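Q: Contents of input16.cif (mmCIF, C-alpha atoms and all ligand atoms):
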```
data_work
#
loop_
_atom_site.group_PDB
_atom_site.id
_atom_site.type_symbol
_atom_site.label_atom_id
_atom_site.label_comp_id
_atom_site.auth_asym_id
_atom_site.auth_seq_id
_atom_site.Cartn_x
_atom_site.Cartn_y
_atom_site.Cartn_z
ATOM 1 C CA MET A 624 159.166 108.129 58.239
ATOM 2 C CA VAL A 625 162.675 109.530 58.020
ATOM 3 C CA LYS A 626 165.092 107.941 60.449
ATOM 4 C CA PRO A 627 168.540 109.505 60.214
ATOM 5 C CA PRO A 628 171.550 107.342 61.161
ATOM 6 C CA ARG A 629 172.482 107.578 64.837
ATOM 7 C CA VAL A 630 175.888 108.851 65.885
ATOM 8 C CA LEU A 631 177.080 108.920 69.476
ATOM 9 C CA THR A 632 179.807 111.282 70.668
ATOM 10 C CA ILE A 633 181.695 110.294 73.812
ATOM 11 C CA ALA A 634 183.613 113.431 74.751
ATOM 12 C CA GLY A 635 184.023 116.375 77.076
ATOM 13 C CA SER A 636 181.652 119.308 77.369
ATOM 14 C CA ALA A 637 183.374 122.406 75.964
ATOM 15 C CA ALA A 638 181.466 125.351 77.416
ATOM 16 C CA GLY A 639 182.498 127.731 74.617
ATOM 17 C CA GLY A 640 180.459 125.772 72.079
ATOM 18 C CA SER A 641 183.162 125.238 69.452
ATOM 19 C CA ALA A 642 184.635 121.883 70.418
ATOM 20 C CA GLY A 643 183.859 118.707 72.336
ATOM 21 C CA ILE A 644 180.232 117.614 72.761
ATOM 22 C CA GLN A 645 178.857 120.964 71.618
ATOM 23 C CA GLY A 646 180.926 121.088 68.417
ATOM 24 C CA ASP A 647 180.155 117.445 67.657
ATOM 25 C CA ILE A 648 176.395 117.801 68.059
ATOM 26 C CA LYS A 649 176.400 120.899 65.797
ATOM 27 C CA THR A 650 178.356 118.930 63.205
ATOM 28 C CA PHE A 651 175.940 115.991 63.425
ATOM 29 C CA GLN A 652 172.971 118.287 62.942
ATOM 30 C CA GLU A 653 174.553 119.939 59.909
ATOM 31 C CA LEU A 654 175.158 116.541 58.321
ATOM 32 C CA ASP A 655 171.682 115.243 59.146
ATOM 33 C CA VAL A 656 172.561 112.422 61.491
ATOM 34 C CA TYR A 657 170.870 111.917 64.855
ATOM 35 C CA GLY A 658 173.350 112.973 67.530
ATOM 36 C CA THR A 659 173.522 111.514 71.027
ATOM 37 C CA SER A 660 176.142 112.074 73.726
ATOM 38 C CA VAL A 661 178.004 110.655 76.680
ATOM 39 C CA ILE A 662 179.774 113.451 78.572
ATOM 40 C CA THR A 663 183.048 112.263 80.117
ATOM 41 C CA ALA A 664 184.161 115.548 81.683
ATOM 42 C CA ILE A 665 183.161 119.180 81.914
ATOM 43 C CA VAL A 666 185.811 121.628 80.753
ATOM 44 C CA GLY A 667 185.747 125.271 81.829
ATOM 45 C CA ARG A 668 187.607 128.245 80.456
ATOM 46 C CA HIS A 669 191.358 128.647 79.862
ATOM 47 C CA PRO A 670 192.636 126.152 82.331
ATOM 48 C CA ILE A 671 196.406 126.181 82.369
ATOM 49 C CA THR A 672 196.521 123.081 84.509
ATOM 50 C CA ASP A 673 193.780 120.468 84.679
ATOM 51 C CA LYS A 674 192.108 122.300 87.599
ATOM 52 C CA ASN A 675 189.219 123.371 85.457
ATOM 53 C CA VAL A 676 188.493 119.901 84.164
ATOM 54 C CA HIS A 677 185.726 118.082 86.010
ATOM 55 C CA PRO A 678 185.742 114.397 85.117
ATOM 56 C CA GLN A 679 182.419 112.639 85.445
ATOM 57 C CA THR A 680 182.104 109.505 87.566
ATOM 58 C CA ILE A 681 182.135 106.064 85.981
ATOM 59 C CA GLU A 682 178.549 105.715 87.164
ATOM 60 C CA ALA A 683 177.492 108.895 85.345
ATOM 61 C CA ILE A 684 179.224 107.696 82.181
ATOM 62 C CA GLU A 685 177.597 104.258 82.361
ATOM 63 C CA GLY A 686 174.165 105.808 82.935
ATOM 64 C CA GLN A 687 174.419 108.018 79.866
ATOM 65 C CA PHE A 688 175.716 105.150 77.779
ATOM 66 C CA HIS A 689 172.864 102.852 78.737
ATOM 67 C CA THR A 690 170.308 105.567 77.983
ATOM 68 C CA VAL A 691 171.700 105.986 74.489
ATOM 69 C CA ARG A 692 171.717 102.239 73.851
ATOM 70 C CA GLN A 693 168.221 101.671 75.141
ATOM 71 C CA GLN A 694 166.401 104.763 73.882
ATOM 72 C CA VAL A 695 168.089 105.280 70.560
ATOM 73 C CA GLY A 696 170.710 102.760 69.453
ATOM 74 C CA ILE A 697 174.041 103.444 67.792
ATOM 75 C CA ASP A 698 175.217 103.292 64.164
ATOM 76 C CA ALA A 699 178.586 105.010 64.655
ATOM 77 C CA ILE A 700 180.620 106.401 67.538
ATOM 78 C CA LYS A 701 183.044 109.295 67.758
ATOM 79 C CA VAL A 702 185.320 109.380 70.805
ATOM 80 C CA GLY A 703 187.034 112.596 71.912
ATOM 81 C CA MET A 704 188.220 113.605 75.363
ATOM 82 C CA LEU A 705 188.440 110.760 77.908
ATOM 83 C CA PHE A 706 190.926 112.278 80.393
ATOM 84 C CA SER A 707 191.861 109.343 82.649
ATOM 85 C CA GLU A 708 192.959 105.723 82.486
ATOM 86 C CA GLU A 709 189.907 104.649 84.397
ATOM 87 C CA VAL A 710 187.534 106.304 81.933
ATOM 88 C CA ILE A 711 189.407 104.955 78.900
ATOM 89 C CA GLU A 712 189.179 101.436 80.267
ATOM 90 C CA ARG A 713 185.462 101.549 81.066
ATOM 91 C CA VAL A 714 184.470 103.395 77.891
ATOM 92 C CA THR A 715 186.367 100.853 75.796
ATOM 93 C CA GLU A 716 184.470 98.001 77.489
ATOM 94 C CA LEU A 717 181.137 99.767 76.976
ATOM 95 C CA ILE A 718 181.901 100.309 73.294
ATOM 96 C CA MET A 719 182.963 96.686 72.816
ATOM 97 C CA GLU A 720 179.722 95.469 74.407
ATOM 98 C CA THR A 721 177.755 97.298 71.694
ATOM 99 C CA GLY A 722 179.558 95.488 68.881
ATOM 100 C CA VAL A 723 179.620 98.777 66.899
ATOM 101 C CA LYS A 724 182.539 98.738 64.447
ATOM 102 C CA ASN A 725 182.061 102.256 63.063
ATOM 103 C CA LEU A 726 184.362 103.831 65.626
ATOM 104 C CA VAL A 727 186.275 107.067 65.067
ATOM 105 C CA VAL A 728 188.748 107.939 67.824
ATOM 106 C CA ASP A 729 190.187 111.450 68.028
ATOM 107 C CA PRO A 730 193.011 110.966 70.549
ATOM 108 C CA VAL A 731 192.676 114.459 72.037
ATOM 109 C CA MET A 732 195.393 115.257 74.530
ATOM 110 C CA VAL A 733 195.794 119.031 74.781
ATOM 111 C CA GLY A 734 193.257 121.637 73.586
ATOM 112 C CA LYS A 735 194.151 124.819 71.696
ATOM 113 C CA LEU A 736 193.766 126.817 74.897
ATOM 114 C CA ARG A 737 196.207 124.430 76.570
ATOM 115 C CA SER A 738 193.624 122.615 78.643
ATOM 116 C CA VAL A 739 194.882 119.160 79.588
ATOM 117 C CA LEU A 740 192.375 116.768 78.049
ATOM 118 C CA LEU A 741 194.269 113.554 78.758
ATOM 119 C CA ARG A 742 196.478 112.820 81.735
ATOM 120 C CA ASP A 743 200.045 111.842 80.806
ATOM 121 C CA ASP A 744 199.745 108.474 82.471
ATOM 122 C CA ALA A 745 196.700 107.613 80.337
ATOM 123 C CA ILE A 746 198.435 107.607 76.947
ATOM 124 C CA ASP A 747 199.530 104.007 77.266
ATOM 125 C CA MET A 748 196.029 102.838 78.140
ATOM 126 C CA LEU A 749 194.667 104.727 75.131
ATOM 127 C CA ARG A 750 197.259 103.185 72.833
ATOM 128 C CA LYS A 751 196.867 99.614 74.054
ATOM 129 C CA LYS A 752 193.176 99.375 74.874
ATOM 130 C CA LEU A 753 191.050 101.794 72.845
ATOM 131 C CA LEU A 754 192.964 102.656 69.669
ATOM 132 C CA PRO A 755 193.153 99.070 68.336
ATOM 133 C CA GLN A 756 189.322 98.890 68.487
ATOM 134 C CA ALA A 757 188.895 101.904 66.216
ATOM 135 C CA MET A 758 188.074 101.948 62.519
ATOM 136 C CA ILE A 759 190.136 105.128 62.233
ATOM 137 C CA ILE A 760 192.095 107.386 64.581
ATOM 138 C CA THR A 761 192.678 111.079 63.831
ATOM 139 C CA PRO A 762 195.712 112.488 65.693
ATOM 140 C CA ASN A 763 197.080 115.953 64.942
ATOM 141 C CA MET A 764 200.856 116.361 64.690
ATOM 142 C CA PRO A 765 201.588 116.780 68.437
ATOM 143 C CA GLU A 766 199.322 113.832 69.280
ATOM 144 C CA ALA A 767 200.948 111.622 66.624
ATOM 145 C CA SER A 768 204.314 112.609 68.063
ATOM 146 C CA LEU A 769 203.264 111.587 71.596
ATOM 147 C CA LEU A 770 201.905 108.279 70.305
ATOM 148 C CA LEU A 771 205.247 107.680 68.543
ATOM 149 C CA ASP A 772 207.332 108.227 71.681
ATOM 150 C CA GLY A 773 208.102 111.879 71.116
ATOM 151 C CA ARG A 774 209.372 111.711 67.539
ATOM 152 C CA THR A 775 209.674 115.078 65.759
ATOM 153 C CA ILE A 776 206.875 115.675 63.241
ATOM 154 C CA GLU A 777 207.372 118.920 61.328
ATOM 155 C CA THR A 778 207.344 118.359 57.569
ATOM 156 C CA PRO A 779 204.835 116.767 55.147
ATOM 157 C CA GLU A 780 207.227 113.797 54.902
ATOM 158 C CA ASP A 781 207.182 113.440 58.705
ATOM 159 C CA VAL A 782 203.366 113.462 58.670
ATOM 160 C CA ARG A 783 203.280 110.747 56.003
ATOM 161 C CA GLN A 784 205.786 108.548 57.812
ATOM 162 C CA ALA A 785 203.943 109.031 61.112
ATOM 163 C CA ALA A 786 200.692 107.819 59.524
ATOM 164 C CA ILE A 787 202.432 104.727 58.145
ATOM 165 C CA ASP A 788 204.223 103.896 61.404
ATOM 166 C CA LEU A 789 201.213 104.537 63.632
ATOM 167 C CA GLN A 790 199.057 102.321 61.407
ATOM 168 C CA LYS A 791 201.570 99.513 61.916
ATOM 169 C CA GLN A 792 201.540 100.097 65.661
ATOM 170 C CA VAL A 793 197.793 100.218 66.312
ATOM 171 C CA LYS A 794 196.715 98.164 63.253
ATOM 172 C CA THR A 795 193.843 100.476 62.482
ATOM 173 C CA ALA A 796 193.491 103.198 59.842
ATOM 174 C CA VAL A 797 195.287 106.410 60.817
ATOM 175 C CA LEU A 798 194.660 109.960 59.621
ATOM 176 C CA VAL A 799 197.464 112.286 60.723
ATOM 177 C CA LYS A 800 196.260 115.878 60.328
ATOM 178 C CA GLY A 801 198.771 118.357 58.971
ATOM 179 C CA GLY A 802 197.061 121.472 60.282
ATOM 180 C CA ARG A 803 200.299 122.674 61.887
ATOM 181 C CA LEU A 804 202.399 122.360 58.729
ATOM 182 C CA GLU A 805 203.689 125.410 56.920
ATOM 183 C CA GLY A 806 201.940 125.673 53.562
ATOM 184 C CA PRO A 807 198.928 123.582 52.525
ATOM 185 C CA ALA A 808 197.028 121.547 55.144
ATOM 186 C CA LYS A 809 197.979 118.016 54.088
ATOM 187 C CA ASP A 810 196.364 115.173 56.014
ATOM 188 C CA VAL A 811 197.631 111.652 55.402
ATOM 189 C CA LEU A 812 195.406 108.561 55.629
ATOM 190 C CA CYS A 813 197.104 105.177 55.941
ATOM 191 C CA ASP A 814 194.781 102.168 56.052
ATOM 192 C CA GLY A 815 197.427 99.467 55.828
ATOM 193 C CA THR A 816 197.198 98.997 52.068
ATOM 194 C CA SER A 817 197.335 102.525 50.667
ATOM 195 C CA VAL A 818 198.558 105.937 51.744
ATOM 196 C CA THR A 819 196.429 108.887 50.611
ATOM 197 C CA THR A 820 196.985 112.615 51.044
ATOM 198 C CA PHE A 821 194.049 115.026 51.347
ATOM 199 C CA GLU A 822 195.235 118.558 50.709
ATOM 200 C CA ALA A 823 193.471 121.858 51.338
ATOM 201 C CA PRO A 824 194.940 125.339 50.938
ATOM 202 C CA ARG A 825 196.210 127.030 54.102
ATOM 203 C CA ILE A 826 193.536 129.417 55.393
ATOM 204 C CA ASP A 827 194.874 132.509 57.138
ATOM 205 C CA THR A 828 192.831 132.539 60.344
ATOM 206 C CA ASP A 829 193.155 132.069 64.091
ATOM 207 C CA HIS A 830 189.567 130.937 64.403
ATOM 208 C CA THR A 831 189.985 127.200 64.323
ATOM 209 C CA SER A 832 188.799 126.227 67.791
ATOM 210 C CA GLY A 833 187.060 122.862 67.613
ATOM 211 C CA ALA A 834 188.238 122.074 64.084
ATOM 212 C CA GLY A 835 189.713 118.707 65.068
ATOM 213 C CA CYS A 836 186.587 117.685 66.951
ATOM 214 C CA SER A 837 184.300 118.622 64.067
ATOM 215 C CA TYR A 838 186.526 116.834 61.560
ATOM 216 C CA ALA A 839 186.337 113.542 63.484
ATOM 217 C CA ALA A 840 182.601 114.025 64.140
ATOM 218 C CA ALA A 841 182.024 114.593 60.418
ATOM 219 C CA ILE A 842 183.991 111.439 59.540
ATOM 220 C CA ALA A 843 181.765 109.461 61.946
ATOM 221 C CA ALA A 844 178.626 111.040 60.457
ATOM 222 C CA TYR A 845 179.606 110.183 56.891
ATOM 223 C CA ILE A 846 180.534 106.628 57.867
ATOM 224 C CA ALA A 847 177.116 106.268 59.536
ATOM 225 C CA LYS A 848 175.573 107.431 56.260
ATOM 226 C CA GLY A 849 177.306 104.583 54.442
ATOM 227 C CA GLU A 850 180.348 106.312 52.908
ATOM 228 C CA THR A 851 183.623 104.429 52.562
ATOM 229 C CA LEU A 852 186.414 105.504 54.882
ATOM 230 C CA HIS A 853 188.173 107.305 52.028
ATOM 231 C CA ASP A 854 185.052 109.239 50.971
ATOM 232 C CA ALA A 855 184.108 109.959 54.590
ATOM 233 C CA VAL A 856 187.525 111.585 55.131
ATOM 234 C CA LEU A 857 187.255 113.554 51.885
ATOM 235 C CA LYS A 858 183.768 114.862 52.652
ATOM 236 C CA ALA A 859 184.651 115.595 56.282
ATOM 237 C CA LYS A 860 187.682 117.577 55.114
ATOM 238 C CA GLN A 861 185.436 119.587 52.761
ATOM 239 C CA PHE A 862 183.117 120.238 55.704
ATOM 240 C CA VAL A 863 185.812 121.297 58.168
ATOM 241 C CA THR A 864 187.823 123.340 55.649
ATOM 242 C CA THR A 865 184.659 125.277 54.816
ATOM 243 C CA ALA A 866 183.906 125.736 58.520
ATOM 244 C CA ILE A 867 187.456 127.073 59.040
ATOM 245 C CA GLU A 868 187.183 129.368 56.007
ATOM 246 C CA HIS A 869 184.180 131.008 57.662
ATOM 247 C CA GLY A 870 185.567 130.922 61.234
ATOM 248 C CA PHE A 871 184.832 134.009 63.321
ATOM 249 C CA THR A 872 185.061 135.374 66.844
ATOM 250 C CA TYR A 873 182.756 137.252 69.173
ATOM 251 C CA THR A 874 185.624 138.469 71.356
ATOM 252 C CA GLU A 875 189.376 139.114 71.205
ATOM 253 C CA GLU A 876 190.006 135.397 71.543
ATOM 254 C CA VAL A 877 190.526 132.452 69.277
ATOM 255 C CA GLY A 878 187.071 131.801 67.871
ATOM 256 C CA PRO A 879 185.103 128.844 66.606
ATOM 257 C CA THR A 880 184.837 127.429 63.130
ATOM 258 C CA TYR A 881 181.433 128.060 61.574
ATOM 259 C CA HIS A 882 179.693 124.708 61.690
ATOM 260 C CA ALA A 883 176.868 125.831 59.386
ATOM 261 C CA ALA A 884 179.207 127.206 56.699
ATOM 262 C CA MET A 885 178.944 124.377 54.153
ATOM 263 C CA ARG A 886 175.141 124.388 54.282
ATOM 264 C CA ARG A 887 174.963 128.178 53.963
ATOM 265 C CA PHE A 888 177.722 128.906 51.467
ATOM 266 C CA GLY A 889 178.651 125.599 49.785
ATOM 267 C CA ILE A 890 182.082 123.960 49.763
ATOM 268 C CA ALA A 891 184.787 126.648 50.045
ATOM 269 C CA HIS A 892 187.815 124.857 48.583
ATOM 270 C CA ASP A 893 188.535 121.848 46.406
ATOM 271 C CA ILE A 894 190.405 119.131 48.256
ATOM 272 C CA LYS A 895 193.269 117.559 46.289
ATOM 273 C CA VAL A 896 193.495 113.799 46.776
ATOM 274 C CA TYR A 897 196.560 111.789 45.739
ATOM 275 C CA GLU A 898 198.488 108.651 46.649
HETATM 276 O O1 LIG B 1 189.561 120.745 70.707
HETATM 277 C C1 LIG B 1 189.896 119.796 71.640
HETATM 278 C C2 LIG B 1 188.897 119.706 72.745
HETATM 279 C C3 LIG B 1 188.189 118.541 72.894
HETATM 280 N N1 LIG B 1 187.287 118.351 73.877
HETATM 281 C C4 LIG B 1 187.051 119.320 74.775
HETATM 282 C C5 LIG B 1 187.719 120.526 74.704
HETATM 283 C C6 LIG B 1 188.660 120.744 73.655
HETATM 284 C C7 LIG B 1 189.387 122.006 73.571
HETATM 285 O O2 LIG B 1 189.289 122.885 74.371
HETATM 286 O O3 LIG B 1 187.471 121.488 75.602
HETATM 287 C C8 LIG B 1 186.054 119.072 75.835
#
```
Let me see whether you can do it: turn the structure in this file into structure tokens.
Ligand code: PXL
A:
Amino acid sequence: MVKPPRVLTIAGSAAGGSAGIQGDIKTFQELDVYGTSVITAIVGRHPITDKNVHPQTIEAIEGQFHTVRQQVGIDAIKVGMLFSEEVIERVTELIMETGVKNLVVDPVMVGKLRSVLLRDDAIDMLRKKLLPQAMIITPNMPEASLLLDGRTIETPEDVRQAAIDLQKQVKTAVLVKGGRLEGPAKDVLCDGTSVTTFEAPRIDTDHTSGAGCSYAAAIAAYIAKGETLHDAVLKAKQFVTTAIEHGFTYTEEVGPTYHAAMRRFGIAHDIKVYE
């Protein structure tokens, strides 16, 4: 009997199917792990303010969490959108009760379509309560900047220094994603003993919606499958770079990455890895 490792995503529902719960579950399926979910909020289309974000009640979140624990069990967890202080606090307690150490936290704050995914007043709670519990956190450049009190992060050197300084602050491994750099997409992993850069070529596309979610989901999937943190990041970067390479759109808008790309076409680009 085949029993794939179990990976739980705790995140928002992204109706468009590219990001959040939907993007994570597609990623899990592609990587042959058993995906489960706790939906923290339901996000509609193009909200400029947070009016189109519908947070779920603590009761609804607890109910989903208990279902997953009792019916399935958990080998690894990926956390995405949490939205409020209250949800961060309760979700952190629920995670700690499980004793699961394979915890990937994507500190999502603002989506590509400018939806507010985390209230401003919740950043401190995230930083103090949840992030120190993680095995790895995966901020993009704007998120790393917010976590480092608004510091400017523009160059590859800034990205590297941000990874080092954030690791010292939260005392957990940090992957700062350089997707907004000019030139190659250099992501820097700092685990407290070494600093490693994972570099992919820049892909000329607008269709990257959900890339950050899928990257973190893929890291969680590979960790659940027994990979080291370093190899999980490398393989997840191969997965997401390939998904971006084959990104597409059905409309005039920013479109999704193609979650099935690596399975259908193989790895699109070599990832350079160096200290
Ligand atoms: O890509 C960030 C993100 C995460 N989670 C949810 C989202 C988005 C972007 O729109 O909607 C639920």
Q: Could you write out as a list in words the residues that the PyMOL selection byres (((chain A and resi 666) around 8) and not hetatm) matches in the shown file?
A: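 In the shown coordinates, the PyMOL selection byres (((chain A and resi 666) around 8) and not hetatm) covers Gly635, Ser636, Ala637, Ala638, Ala664, Ile665, Gly667, Arg668, Asn675, Val676 and His677 of chain A.
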Q: Just so the selection is clear, what residues does the PyMOL selection byres (((chain A and resi 800) around 12) and not hetatm) cover here, as a PyMOL selection string?
A: chain A and resi 729-730+760-768+776-779+781-783+785-786+797-799+801-804+807-813+819-823+834-836+838-839+856+860+863
Q: Show me which residues line ligand LIG 1 (chain B), defined as having an atom within 10 Å of a ligand atom where all atoms listed in the file count, and present them as an MDAnalysis selection string.
A: chainID A and resid 633:647 662:670 676 702:706 729:741 831:837
Q: Excluding Gln687 of chain A and residues on its chain fewer than 3 positions from it, collect all residues at most 6 Å away from it, counting only C-alpha atoms, and give them as a ChimeraX atom specification.
A: /A:661,684,690
Q: Could you list, as number ranges by chain, every residue matched by the PyMOL selection byres (((chain A and resi 754) around 10) and not hetatm) in this structure?
A: A: 715, 726-730, 748-753, 755-760, 792-797
